[in-house]
>>> print(open('query.txt').read())   # compact mmCIF, C-alpha atoms and all ligand atoms
# COMPACT_ATOMS: atom_id res chain seq x y z
CA MET U 65 45.48 104.02 11.78
CA GLY U 66 49.10 102.96 12.20
CA LYS U 67 48.20 101.03 15.30
CA SER U 68 45.34 99.14 13.67
CA LEU U 69 47.55 98.23 10.68
CA ALA U 70 50.15 96.86 13.08
CA SER U 71 47.63 94.71 14.91
CA TYR U 72 46.21 93.59 11.55
CA ILE U 73 49.68 92.44 10.48
CA LEU U 74 50.25 90.80 13.85
CA CYS U 75 46.96 89.00 13.53
CA ILE U 76 47.80 87.69 10.01
CA TYR U 77 51.22 86.66 11.30
CA LEU U 78 49.64 84.71 14.17
CA ILE U 79 47.17 82.97 11.86
CA ILE U 80 49.91 81.93 9.44
CA ASN U 81 52.05 80.76 12.31
CA TYR U 82 49.16 78.73 13.71
CA LEU U 83 48.47 77.10 10.34
CA LEU U 84 52.13 76.19 9.93
CA THR U 85 52.18 74.66 13.41
CA VAL U 86 49.10 72.57 12.66
CA ALA U 87 50.51 71.44 9.33
CA LYS U 88 53.80 70.48 10.94
CA ALA U 89 52.29 68.67 13.93
CA ASN U 90 53.30 65.07 13.60
CA ILE U 91 50.95 62.16 13.41
CA ASN U 92 52.14 59.51 15.81
CA TRP U 93 52.22 56.26 13.80
CA ASN U 94 54.34 54.40 16.37
CA GLY U 95 55.57 52.11 13.62
CA ASN U 96 51.98 51.10 12.80
CA ASN U 97 49.82 51.53 9.73
CA TRP U 98 47.19 53.40 11.73
CA ALA U 99 47.18 56.32 14.13
CA MET U 100 44.88 58.39 16.34
CA GLY U 101 43.81 61.96 15.70
CA CYS U 102 44.21 61.89 11.93
CA ASP U 103 42.16 61.83 8.74
CA PHE U 104 42.46 61.50 4.96
CA TYR U 105 40.79 63.82 2.43
CA ARG U 106 38.04 62.58 0.11
CA ASN U 107 38.29 59.40 -2.04
CA ASP U 108 35.38 57.84 -0.14
CA LEU U 109 34.42 54.37 -1.31
CA CYS U 110 31.72 53.50 1.20
CA ASN U 111 31.13 53.72 4.93
CA ALA U 112 29.94 51.56 7.80
CA ARG U 113 28.69 52.27 11.30
CA ILE U 114 31.16 50.20 13.31
CA PRO U 115 33.53 50.75 16.25
CA SER U 116 36.90 52.27 15.44
CA GLU U 117 38.86 49.11 16.23
CA GLN U 118 37.00 47.26 13.47
CA CYS U 119 37.58 49.89 10.81
CA GLY U 120 40.97 48.65 9.52
CA GLY U 121 39.83 45.03 9.28
CA HIS U 122 36.63 46.12 7.54
CA CYS U 123 38.60 48.13 4.99
CA SER U 124 41.00 45.24 4.33
CA ARG U 125 38.03 42.97 3.57
CA THR U 126 36.39 45.52 1.29
CA PRO U 127 37.58 45.19 -2.31
CA GLY U 128 39.16 48.44 -3.47
CA CYS U 129 39.63 49.87 0.01
CA THR U 130 43.21 51.07 0.40
CA HIS U 131 42.88 53.38 3.40
CA PHE U 132 40.33 54.49 5.97
CA ALA U 133 39.34 57.07 8.52
CA TRP U 134 37.00 56.73 11.49
CA ASN U 135 35.12 59.47 13.33
CA ARG U 136 32.25 59.82 15.80
CA TYR U 137 29.73 60.75 13.10
CA ASN U 138 26.40 58.93 13.55
CA GLY U 139 27.59 57.09 16.66
CA GLY U 140 30.84 56.01 14.97
CA THR U 141 31.48 55.69 11.25
CA CYS U 142 34.27 53.99 9.33
CA TRP U 143 34.96 55.78 6.04
CA MET U 144 36.56 53.43 3.56
CA LYS U 145 38.64 55.12 0.93
CA ARG U 146 40.09 54.15 -2.42
CA GLY U 147 43.01 55.04 -4.63
CA SER U 148 46.73 55.28 -4.11
CA VAL U 149 47.85 56.70 -0.81
CA THR U 150 50.77 56.95 1.53
CA LYS U 151 50.86 57.77 5.22
CA ASN U 152 52.17 61.21 4.27
CA ASN U 153 48.74 62.02 2.81
CA ALA U 154 47.15 61.86 6.27
CA PHE U 155 46.56 65.08 8.16
CA LYS U 156 46.28 65.70 11.85
CA THR U 157 42.87 66.54 13.30
CA SER U 158 41.90 68.32 16.48
CA ASP U 159 39.68 65.38 17.49
CA PRO U 160 41.97 62.84 19.19
CA THR U 161 39.34 60.07 18.97
CA MET U 162 39.58 59.95 15.19
CA VAL U 163 41.52 57.08 13.68
CA CYS U 164 43.07 56.81 10.24
CA GLY U 165 45.14 54.15 8.57
CA VAL U 166 46.40 52.63 5.36
CA ILE U 167 45.96 49.03 4.20
CA ILE U 168 47.90 49.21 0.96
CA GLU U 169 50.46 51.98 0.62
CA SER U 170 51.04 52.84 -2.99
CA ASN U 171 54.43 52.79 -4.56
CA GLY U 172 56.08 55.91 -3.33
CA GLY U 173 58.76 55.58 -6.01
CA GLY U 174 61.32 54.54 -3.43
CA HIS U 175 63.22 51.29 -3.94
CA ASN U 176 61.26 49.70 -1.13
CA GLY U 177 57.98 50.30 -2.90
CA GLY U 178 56.35 52.10 -0.01
CA GLY U 179 56.24 49.00 2.19
CA GLN U 180 56.07 48.86 5.93
CA ALA U 181 59.18 48.28 8.05
CA GLY U 182 59.07 45.10 10.10
CA THR U 183 61.07 42.51 11.98
CA THR U 184 61.47 38.76 11.65
CA THR U 185 61.99 35.85 14.00
CA ARG U 186 61.84 32.11 13.27
CA TYR U 187 60.11 29.06 14.69
CA TRP U 188 58.99 25.54 13.99
CA ASP U 189 56.78 24.28 16.80
CA CYS U 190 55.17 21.32 14.95
CA CYS U 191 51.72 22.50 16.16
CA LYS U 192 48.59 22.79 14.03
CA PRO U 193 48.71 26.37 12.70
CA SER U 194 46.05 28.79 13.88
CA CYS U 195 44.82 29.49 10.33
CA SER U 196 43.94 25.78 10.07
CA TRP U 197 40.81 26.26 12.16
CA PRO U 198 37.49 26.84 10.37
CA GLY U 199 36.33 30.43 10.06
CA LYS U 200 39.82 31.90 10.15
CA VAL U 201 39.65 33.28 6.61
CA SER U 202 37.06 36.02 6.19
CA GLY U 203 34.60 35.45 3.38
CA SER U 204 35.78 31.97 2.37
CA ASN U 205 35.34 28.46 3.58
CA THR U 206 39.01 27.57 3.46
CA GLN U 207 41.86 27.01 5.88
CA VAL U 208 45.51 26.01 6.03
CA ARG U 209 46.24 22.30 5.80
CA THR U 210 47.17 20.44 8.96
CA CYS U 211 48.67 16.95 8.96
CA SER U 212 48.69 13.79 11.05
CA TRP U 213 51.69 12.40 12.97
CA GLY U 214 54.12 11.91 10.09
CA GLY U 215 53.47 15.39 8.73
CA TYR U 216 52.51 13.97 5.29
CA ASN U 217 48.86 13.02 5.43
CA VAL U 218 46.52 15.98 5.32
CA LEU U 219 43.69 15.85 7.87
CA TYR U 220 40.42 16.79 6.27
CA ASN U 221 38.75 17.57 9.58
CA PRO U 222 39.54 21.24 10.23
CA ASN U 223 38.33 20.79 13.82
CA ALA U 224 40.98 18.17 14.62
CA VAL U 225 42.58 18.94 17.97
CA SER U 226 46.14 20.26 17.79
CA GLY U 227 49.00 17.97 18.70
CA CYS U 228 50.00 20.72 21.11
CA ASP U 229 46.70 20.25 22.99
CA GLY U 230 46.81 16.47 23.18
CA GLY U 231 45.33 15.88 19.73
CA HIS U 232 46.89 14.55 16.56
CA ALA U 233 46.90 17.56 14.22
CA PHE U 234 50.41 18.83 13.49
CA ALA U 235 52.22 21.10 11.06
CA CYS U 236 52.57 19.62 7.57
CA ASN U 237 56.22 19.00 6.70
CA ASN U 238 56.01 20.82 3.38
CA GLN U 239 55.07 24.16 4.98
CA MET U 240 58.77 24.95 5.20
CA PRO U 241 60.70 27.54 3.20
CA TRP U 242 62.44 26.89 -0.09
CA ALA U 243 64.63 28.86 -2.48
CA VAL U 244 63.10 29.87 -5.81
CA ASN U 245 66.39 31.38 -6.97
CA ASP U 246 69.32 33.08 -5.28
CA GLN U 247 67.34 36.28 -4.68
CA LEU U 248 63.88 34.91 -3.89
CA ALA U 249 62.48 32.30 -1.53
CA TYR U 250 58.97 31.14 -0.63
CA GLY U 251 57.69 30.16 2.79
CA PHE U 252 55.12 30.54 5.54
CA ALA U 253 54.91 32.67 8.65
CA ALA U 254 52.97 33.76 11.70
CA ALA U 255 52.47 37.52 11.65
CA THR U 256 50.77 40.46 13.31
CA ILE U 257 49.74 43.31 11.03
CA PRO U 258 48.34 46.45 12.65
CA GLY U 259 44.74 47.16 11.73
CA MET U 260 44.09 43.59 10.60
CA ASN U 261 42.52 40.82 12.60
CA GLU U 262 43.25 37.13 12.10
CA GLN U 263 40.38 36.65 9.64
CA SER U 264 41.69 39.40 7.42
CA ARG U 265 45.34 38.29 7.39
CA CYS U 266 45.13 34.45 7.42
CA CYS U 267 46.37 33.11 4.05
CA ALA U 268 47.30 36.54 2.71
CA CYS U 269 50.78 36.80 1.19
CA TYR U 270 53.48 39.38 1.77
CA LYS U 271 56.82 40.04 0.17
CA LEU U 272 59.57 40.63 2.69
CA ASP U 273 62.54 42.63 1.38
CA PHE U 274 65.35 42.05 3.85
CA THR U 275 67.22 45.14 4.96
CA SER U 276 69.79 43.84 7.44
CA GLY U 277 72.27 41.01 7.90
CA PRO U 278 73.67 38.71 5.21
CA VAL U 279 70.32 38.47 3.38
CA THR U 280 70.12 42.21 2.69
CA GLY U 281 68.71 42.68 -0.80
CA LYS U 282 67.08 39.23 -0.93
CA SER U 283 63.32 38.75 -0.73
CA MET U 284 60.98 36.15 0.59
CA ILE U 285 57.29 35.79 -0.24
CA VAL U 286 55.41 34.26 2.68
CA GLN U 287 51.84 33.24 3.24
CA ILE U 288 50.43 33.89 6.70
CA THR U 289 49.38 30.61 8.27
CA ASN U 290 49.63 31.30 11.96
CA SER U 291 49.31 33.78 14.80
CA GLY U 292 50.96 34.07 18.16
CA SER U 293 50.45 36.10 21.29
CA ASP U 294 54.21 36.64 21.31
CA VAL U 295 54.27 37.94 17.72
CA HIS U 296 54.35 41.74 17.91
CA ALA U 297 53.10 44.35 15.44
CA ASN U 298 54.89 44.18 12.07
CA GLN U 299 56.70 41.00 13.11
CA PHE U 300 56.83 37.96 10.83
CA ASP U 301 57.77 34.74 12.62
CA LEU U 302 59.16 32.63 9.76
CA GLN U 303 58.30 28.94 9.81
CA ILE U 304 61.76 27.33 9.56
CA PRO U 305 62.36 23.77 10.82
CA GLY U 306 64.92 23.81 13.63
CA GLY U 307 64.27 27.54 14.17
CA GLY U 308 63.17 26.99 17.77
CA VAL U 309 59.90 25.61 19.13
CA GLY U 310 59.16 28.81 21.05
CA MET U 311 56.17 28.93 23.35
CA PHE U 312 54.66 25.57 22.38
CA ASN U 313 56.62 22.42 21.71
CA GLY U 314 54.68 19.97 19.57
CA CYS U 315 57.91 18.50 18.25
CA SER U 316 58.43 16.26 21.28
CA ARG U 317 55.13 14.52 20.60
CA GLN U 318 55.44 14.55 16.81
CA TRP U 319 59.10 13.62 16.47
CA GLY U 320 60.45 12.81 19.93
CA ALA U 321 62.49 16.03 20.07
CA GLY U 322 63.80 17.13 23.50
CA PRO U 323 61.78 19.17 25.99
CA ASN U 324 63.05 22.36 24.32
CA GLY U 325 62.88 20.96 20.80
CA TRP U 326 66.08 21.06 18.76
CA GLY U 327 68.78 23.51 19.92
CA GLN U 328 67.60 26.53 21.87
CA ARG U 329 63.93 26.83 22.65
CA TYR U 330 64.01 30.31 21.03
CA GLY U 331 66.29 30.34 18.00
CA GLY U 332 66.75 26.60 17.58
CA VAL U 333 69.86 24.96 16.16
CA SER U 334 72.92 27.12 15.63
CA SER U 335 74.75 25.33 12.82
CA ARG U 336 74.01 23.45 9.61
CA GLU U 337 75.47 20.30 11.16
CA GLU U 338 72.87 20.39 13.92
CA CYS U 339 70.14 20.08 11.30
CA TYR U 340 70.92 16.36 11.18
CA ALA U 341 69.18 16.07 14.57
CA LEU U 342 65.91 16.83 12.78
CA PRO U 343 63.91 14.11 10.99
CA GLN U 344 64.83 13.89 7.33
CA ALA U 345 61.32 14.95 6.31
CA ILE U 346 61.92 18.54 7.47
CA ARG U 347 65.72 18.72 7.31
CA ASP U 348 65.83 20.63 4.01
CA GLY U 349 63.96 23.48 5.67
CA CYS U 350 66.64 23.59 8.36
CA PHE U 351 69.43 23.59 5.74
CA PHE U 352 67.64 26.50 4.05
CA ARG U 353 68.51 28.71 7.01
CA PHE U 354 72.23 28.10 6.57
CA ASP U 355 72.24 28.03 2.75
CA TRP U 356 69.91 30.54 1.04
CA PHE U 357 69.24 32.45 4.28
CA LYS U 358 73.00 32.55 5.05
CA GLY U 359 72.44 31.96 8.76
CA ALA U 360 70.79 35.39 9.06
CA ASP U 361 69.64 35.98 12.62
CA ASN U 362 66.22 37.66 12.68
CA PRO U 363 66.89 40.18 9.89
CA ASN U 364 64.83 43.33 9.52
CA MET U 365 62.75 43.84 6.41
CA VAL U 366 60.21 45.97 4.62
CA TYR U 367 56.99 44.15 3.77
CA SER U 368 54.28 44.72 1.22
CA LYS U 369 51.15 42.83 0.24
CA VAL U 370 51.38 40.67 -2.88
CA LYS U 371 49.13 38.23 -4.67
CA CYS U 372 49.86 34.73 -3.39
CA PRO U 373 52.00 32.63 -5.73
CA GLN U 374 50.18 29.47 -6.77
CA GLU U 375 53.09 27.42 -5.40
CA LEU U 376 52.30 28.58 -1.84
CA ILE U 377 48.55 28.04 -2.27
CA ASN U 378 49.24 24.53 -3.54
CA VAL U 379 51.17 23.70 -0.38
CA SER U 380 48.91 25.33 2.22
CA GLY U 381 45.66 24.54 0.38
CA CYS U 382 44.41 27.99 1.38
CA LYS U 383 43.41 30.82 -0.93
CA ARG U 384 41.58 33.99 0.03
CA ASN U 385 38.57 35.10 -2.04
CA ASP U 386 39.57 38.74 -1.83
CA GLU U 387 42.94 38.38 -3.54
C1 LIG U 401 49.23 23.64 -8.34
O1 LIG U 401 48.52 22.42 -8.25
C2 LIG U 401 47.79 22.12 -9.43
C3 LIG U 401 46.93 20.90 -9.15
O2 LIG U 401 47.71 19.85 -8.66
C4 LIG U 401 48.76 21.91 -10.57
O3 LIG U 401 48.05 21.61 -11.75
C5 LIG U 401 49.58 23.18 -10.77
O4 LIG U 401 50.55 22.98 -11.76
C6 LIG U 401 50.24 23.59 -9.48
N1 LIG U 401 50.84 24.88 -9.68
C7 LIG U 401 52.02 25.22 -9.22
C8 LIG U 401 52.51 26.55 -9.63
O5 LIG U 401 52.71 24.49 -8.51
>>> encode(input="query.txt", output="structure tokens")
Amino acid sequence: MGKSLASYILCIYLIINYLLTVAKANINWNGNNWAMGCDFYRNDLCNARIPSEQCGGHCSRTPGCTHFAWNRYNGGTCWMKRGSVTKNNAFKTSDPTMVCGVIIESNGGGHNGGGQAGTTTRYWDCCKPSCSWPGKVSGSNTQVRTCSWGGYNVLYNPNAVSGCDGGHAFACNNQMPWAVNDQLAYGFAAATIPGMNEQSRCCACYKLDFTSGPVTGKSMIVQITNSGSDVHANQFDLQIPGGGVGMFNGCSRQWGAGPNGWGQRYGGVSSREECYALPQAIRDGCFFRFDWFKGADNPNMVYSKVKCPQELINVSGCKRNDE
């Protein structure tokens, strides 16, 4: 009797211990908005039989879908889910092939509004932006404006070959950042957002709340107009004239800039004075970096999805249907 009670208690103890271990096991987000071996409870919106790598993009294009989970059910099913959620609501599963993720994290009450931590860099390569090609915005026949040589005249042929591939389609001068007030600026960026493909992020807008350097506390709302193989997850490459041409230099052809553009190939000019090397048409965007942006050097930030301000749509000419 005494012995069986002891083993009964031991058994209960082991079960409780096991449950606590499972509950405590960490989901490995790796700084992303999705992870393997995890799931969310309930709140199903709809589902689709698609491969796991398409699940996040599918959710982001589905109105009302805020988070998702994928499992091997029926050959592979993406479960789109609705309602407010944070990554903390996910639980670990024993099936490592499962995938779960969030598209829109709800306001966790923190001052950062539950956004995602990210990094910034800067560039201005003068090339036609990637979101200027047809078919880059899911569900709508729209794309980012691209301009001819002077950077003023909008090309109405979205198939025009990029100036960086021998063609005559370049970045439009006005797709540079500007200050709205001392705390807020508008602009454009290339970005990589985990769980989203190009079609689901092109022309979407994000608010970047800077968390390091002299711009800490300031915010920028940017529209995504470009992509880059060198733009990593959660990185926003801000389009700032004189910020460095980076991988491709269209500025030599468009403006006669040097083989590495203006200043350093990565990083660009290093003082406000050097902005005078840029053509007047884009110089204000270069000054912006040393005025409103206070010369910040790739500050960190927390980003969250916002509805695009009409001012940005007016400049890029691109508006998503699913906003
Ligand atoms: C956007 O452009 C339209 C058409 O030119 C104009 O009427 C509107 O005032 C502009 N809006 C903003 C916020 O710039």
>>> residues_near_ligand(input="query.txt", ligand="ligand LIG 401 (chain U)", cutoff="6 Å", atoms="all atoms listed in the file", output="NGL selection string")
:U and (374-375 or 378)
>>> closest_residue(input="query.txt", among="U:Gly308, U:Thr275, U:Pro323, U:Ile288", to="U:Ala360", atoms="only C-alpha atoms")
U:Thr275
>>> residues_around(input="query.txt", residues="stretch 106-111 of chain U", least_positions_apart="3", cutoff="6 Å", atoms="all atoms listed in the file", output="ChimeraX atom specification")
/U:142-146
>>> residues_around(input="query.txt", residues="U:Gly314", least_positions_apart="5", cutoff="12 Å", atoms="all atoms listed in the file", output="JSON list (two decimals) with C-alpha atoms, keeping the file's coordinate frame")
[["chain", "number", "residue", "atom", "x", "y", "z"],
["U", 187, "TYR", "CA", 60.11, 29.06, 14.69],
["U", 188, "TRP", "CA", 58.99, 25.54, 13.99],
["U", 189, "ASP", "CA", 56.78, 24.28, 16.80],
["U", 190, "CYS", "CA", 55.17, 21.32, 14.95],
["U", 191, "CYS", "CA", 51.72, 22.50, 16.16],
["U", 192, "LYS", "CA", 48.59, 22.79, 14.03],
["U", 193, "PRO", "CA", 48.71, 26.37, 12.70],
["U", 213, "TRP", "CA", 51.69, 12.40, 12.97],
["U", 215, "GLY", "CA", 53.47, 15.39, 8.73],
["U", 226, "SER", "CA", 46.14, 20.26, 17.79],
["U", 227, "GLY", "CA", 49.00, 17.97, 18.70],
["U", 228, "CYS", "CA", 50.00, 20.72, 21.11],
["U", 229, "ASP", "CA", 46.70, 20.25, 22.99],
["U", 230, "GLY", "CA", 46.81, 16.47, 23.18],
["U", 231, "GLY", "CA", 45.33, 15.88, 19.73],
["U", 232, "HIS", "CA", 46.89, 14.55, 16.56],
["U", 233, "ALA", "CA", 46.90, 17.56, 14.22],
["U", 234, "PHE", "CA", 50.41, 18.83, 13.49],
["U", 235, "ALA", "CA", 52.22, 21.10, 11.06],
["U", 308, "GLY", "CA", 63.17, 26.99, 17.77],
["U", 309, "VAL", "CA", 59.90, 25.61, 19.13],
["U", 319, "TRP", "CA", 59.10, 13.62, 16.47],
["U", 320, "GLY", "CA", 60.45, 12.81, 19.93],
["U", 321, "ALA", "CA", 62.49, 16.03, 20.07],
["U", 322, "GLY", "CA", 63.80, 17.13, 23.50],
["U", 323, "PRO", "CA", 61.78, 19.17, 25.99],
["U", 324, "ASN", "CA", 63.05, 22.36, 24.32],
["U", 325, "GLY", "CA", 62.88, 20.96, 20.80],
["U", 326, "TRP", "CA", 66.08, 21.06, 18.76],
["U", 329, "ARG", "CA", 63.93, 26.83, 22.65]]
>>> residues_around(input="query.txt", residues="stretch 339-348 of chain U", least_positions_apart="2", cutoff="7 Å", atoms="only C-alpha atoms", output="list in words")
Asn237, Pro305, Gly306, Val333, Arg336, Glu337, Cys350, Phe351 and Phe352 of chain U
>>> closest_residue(input="query.txt", among="U:Ile91, U:Cys123, U:Val218, U:Val208", to="U:Ser158", atoms="all atoms listed in the file")
U:Ile91
>>> decode(input="query.txt", residues="stretch 344-354 of chain U", atoms="all heavy atoms", output="PDB file, in the first residue's frame")
ATOM      1  N   GLN U 344      21.696  68.603 -58.064  1.00  0.00           N
ATOM      2  CA  GLN U 344      20.775  69.365 -57.218  1.00  0.00           C
ATOM      3  C   GLN U 344      19.436  68.666 -57.054  1.00  0.00           C
ATOM      4  O   GLN U 344      18.814  68.752 -55.994  1.00  0.00           O
ATOM      5  CB  GLN U 344      20.582  70.751 -57.820  1.00  0.00           C
ATOM      6  CG  GLN U 344      20.347  71.801 -56.762  1.00  0.00           C
ATOM      7  CD  GLN U 344      19.362  72.834 -57.236  1.00  0.00           C
ATOM      8  OE1 GLN U 344      19.477  73.308 -58.366  1.00  0.00           O
ATOM      9  NE2 GLN U 344      18.395  73.178 -56.393  1.00  0.00           N
ATOM     10  N   ALA U 345      19.022  67.937 -58.077  1.00  0.00           N
ATOM     11  CA  ALA U 345      17.709  67.292 -58.067  1.00  0.00           C
ATOM     12  C   ALA U 345      17.526  66.301 -56.904  1.00  0.00           C
ATOM     13  O   ALA U 345      16.405  66.058 -56.478  1.00  0.00           O
ATOM     14  CB  ALA U 345      17.479  66.573 -59.393  1.00  0.00           C
ATOM     15  N   ILE U 346      18.609  65.732 -56.413  1.00  0.00           N
ATOM     16  CA  ILE U 346      18.476  64.763 -55.318  1.00  0.00           C
ATOM     17  C   ILE U 346      19.259  65.181 -54.067  1.00  0.00           C
ATOM     18  O   ILE U 346      19.366  64.424 -53.109  1.00  0.00           O
ATOM     19  CB  ILE U 346      18.925  63.334 -55.760  1.00  0.00           C
ATOM     20  CG1 ILE U 346      20.317  63.351 -56.380  1.00  0.00           C
ATOM     21  CG2 ILE U 346      17.908  62.731 -56.725  1.00  0.00           C
ATOM     22  CD1 ILE U 346      20.870  61.955 -56.688  1.00  0.00           C
ATOM     23  N   ARG U 347      19.775  66.413 -54.091  1.00  0.00           N
ATOM     24  CA  ARG U 347      20.633  66.871 -52.994  1.00  0.00           C
ATOM     25  C   ARG U 347      19.886  66.974 -51.661  1.00  0.00           C
ATOM     26  O   ARG U 347      20.446  66.674 -50.602  1.00  0.00           O
ATOM     27  CB  ARG U 347      21.225  68.235 -53.374  1.00  0.00           C
ATOM     28  CG  ARG U 347      22.600  68.484 -52.812  1.00  0.00           C
ATOM     29  CD  ARG U 347      23.159  69.781 -53.344  1.00  0.00           C
ATOM     30  NE  ARG U 347      23.737  69.657 -54.668  1.00  0.00           N
ATOM     31  CZ  ARG U 347      23.921  70.682 -55.508  1.00  0.00           C
ATOM     32  NH1 ARG U 347      23.537  71.909 -55.171  1.00  0.00           N
ATOM     33  NH2 ARG U 347      24.473  70.491 -56.682  1.00  0.00           N
ATOM     34  N   ASP U 348      18.618  67.394 -51.721  1.00  0.00           N
ATOM     35  CA  ASP U 348      17.857  67.540 -50.468  1.00  0.00           C
ATOM     36  C   ASP U 348      17.762  66.219 -49.707  1.00  0.00           C
ATOM     37  O   ASP U 348      17.764  66.198 -48.482  1.00  0.00           O
ATOM     38  CB  ASP U 348      16.447  68.064 -50.749  1.00  0.00           C
ATOM     39  CG  ASP U 348      16.448  69.560 -50.995  1.00  0.00           C
ATOM     40  OD1 ASP U 348      17.500  70.205 -50.739  1.00  0.00           O
ATOM     41  OD2 ASP U 348      15.419  70.088 -51.463  1.00  0.00           O
ATOM     42  N   GLY U 349      17.696  65.131 -50.462  1.00  0.00           N
ATOM     43  CA  GLY U 349      17.622  63.820 -49.827  1.00  0.00           C
ATOM     44  C   GLY U 349      18.917  63.470 -49.128  1.00  0.00           C
ATOM     45  O   GLY U 349      18.932  62.748 -48.129  1.00  0.00           O
ATOM     46  N   CYS U 350      20.016  63.993 -49.656  1.00  0.00           N
ATOM     47  CA  CYS U 350      21.336  63.782 -49.040  1.00  0.00           C
ATOM     48  C   CYS U 350      21.443  64.641 -47.775  1.00  0.00           C
ATOM     49  O   CYS U 350      21.875  64.159 -46.726  1.00  0.00           O
ATOM     50  CB  CYS U 350      22.425  64.134 -50.051  1.00  0.00           C
ATOM     51  SG  CYS U 350      24.106  63.804 -49.481  1.00  0.00           S
ATOM     52  N   PHE U 351      20.988  65.899 -47.869  1.00  0.00           N
ATOM     53  CA  PHE U 351      20.990  66.782 -46.684  1.00  0.00           C
ATOM     54  C   PHE U 351      20.154  66.171 -45.554  1.00  0.00           C
ATOM     55  O   PHE U 351      20.490  66.308 -44.386  1.00  0.00           O
ATOM     56  CB  PHE U 351      20.406  68.160 -47.032  1.00  0.00           C
ATOM     57  CG  PHE U 351      21.307  68.992 -47.909  1.00  0.00           C
ATOM     58  CD1 PHE U 351      20.767  69.899 -48.827  1.00  0.00           C
ATOM     59  CD2 PHE U 351      22.688  68.914 -47.806  1.00  0.00           C
ATOM     60  CE1 PHE U 351      21.573  70.679 -49.625  1.00  0.00           C
ATOM     61  CE2 PHE U 351      23.513  69.695 -48.612  1.00  0.00           C
ATOM     62  CZ  PHE U 351      22.950  70.578 -49.525  1.00  0.00           C
ATOM     63  N   PHE U 352      19.063  65.507 -45.932  1.00  0.00           N
ATOM     64  CA  PHE U 352      18.170  64.890 -44.939  1.00  0.00           C
ATOM     65  C   PHE U 352      18.959  64.021 -43.962  1.00  0.00           C
ATOM     66  O   PHE U 352      18.702  64.012 -42.768  1.00  0.00           O
ATOM     67  CB  PHE U 352      17.117  64.054 -45.676  1.00  0.00           C
ATOM     68  CG  PHE U 352      16.308  63.146 -44.783  1.00  0.00           C
ATOM     69  CD1 PHE U 352      15.131  63.570 -44.177  1.00  0.00           C
ATOM     70  CD2 PHE U 352      16.721  61.829 -44.544  1.00  0.00           C
ATOM     71  CE1 PHE U 352      14.389  62.732 -43.350  1.00  0.00           C
ATOM     72  CE2 PHE U 352      15.985  60.980 -43.718  1.00  0.00           C
ATOM     73  CZ  PHE U 352      14.823  61.438 -43.120  1.00  0.00           C
ATOM     74  N   ARG U 353      19.951  63.298 -44.484  1.00  0.00           N
ATOM     75  CA  ARG U 353      20.708  62.383 -43.637  1.00  0.00           C
ATOM     76  C   ARG U 353      21.478  63.128 -42.552  1.00  0.00           C
ATOM     77  O   ARG U 353      21.681  62.600 -41.451  1.00  0.00           O
ATOM     78  CB  ARG U 353      21.681  61.556 -44.491  1.00  0.00           C
ATOM     79  CG  ARG U 353      22.615  60.679 -43.657  1.00  0.00           C
ATOM     80  CD  ARG U 353      22.917  59.377 -44.335  1.00  0.00           C
ATOM     81  NE  ARG U 353      23.845  59.498 -45.429  1.00  0.00           N
ATOM     82  CZ  ARG U 353      25.168  59.355 -45.303  1.00  0.00           C
ATOM     83  NH1 ARG U 353      25.712  59.107 -44.128  1.00  0.00           N
ATOM     84  NH2 ARG U 353      25.936  59.444 -46.365  1.00  0.00           N
ATOM     85  N   PHE U 354      21.908  64.355 -42.870  1.00  0.00           N
ATOM     86  CA  PHE U 354      22.706  65.090 -41.881  1.00  0.00           C
ATOM     87  C   PHE U 354      21.857  66.066 -41.078  1.00  0.00           C
ATOM     88  O   PHE U 354      22.311  66.584 -40.059  1.00  0.00           O
ATOM     89  CB  PHE U 354      23.862  65.791 -42.593  1.00  0.00           C
ATOM     90  CG  PHE U 354      24.747  64.794 -43.302  1.00  0.00           C
ATOM     91  CD1 PHE U 354      24.587  64.548 -44.665  1.00  0.00           C
ATOM     92  CD2 PHE U 354      25.681  64.063 -42.583  1.00  0.00           C
ATOM     93  CE1 PHE U 354      25.367  63.594 -45.298  1.00  0.00           C
ATOM     94  CE2 PHE U 354      26.460  63.106 -43.214  1.00  0.00           C
ATOM     95  CZ  PHE U 354      26.307  62.866 -44.583  1.00  0.00           C
TER      96      PHE U 354
END
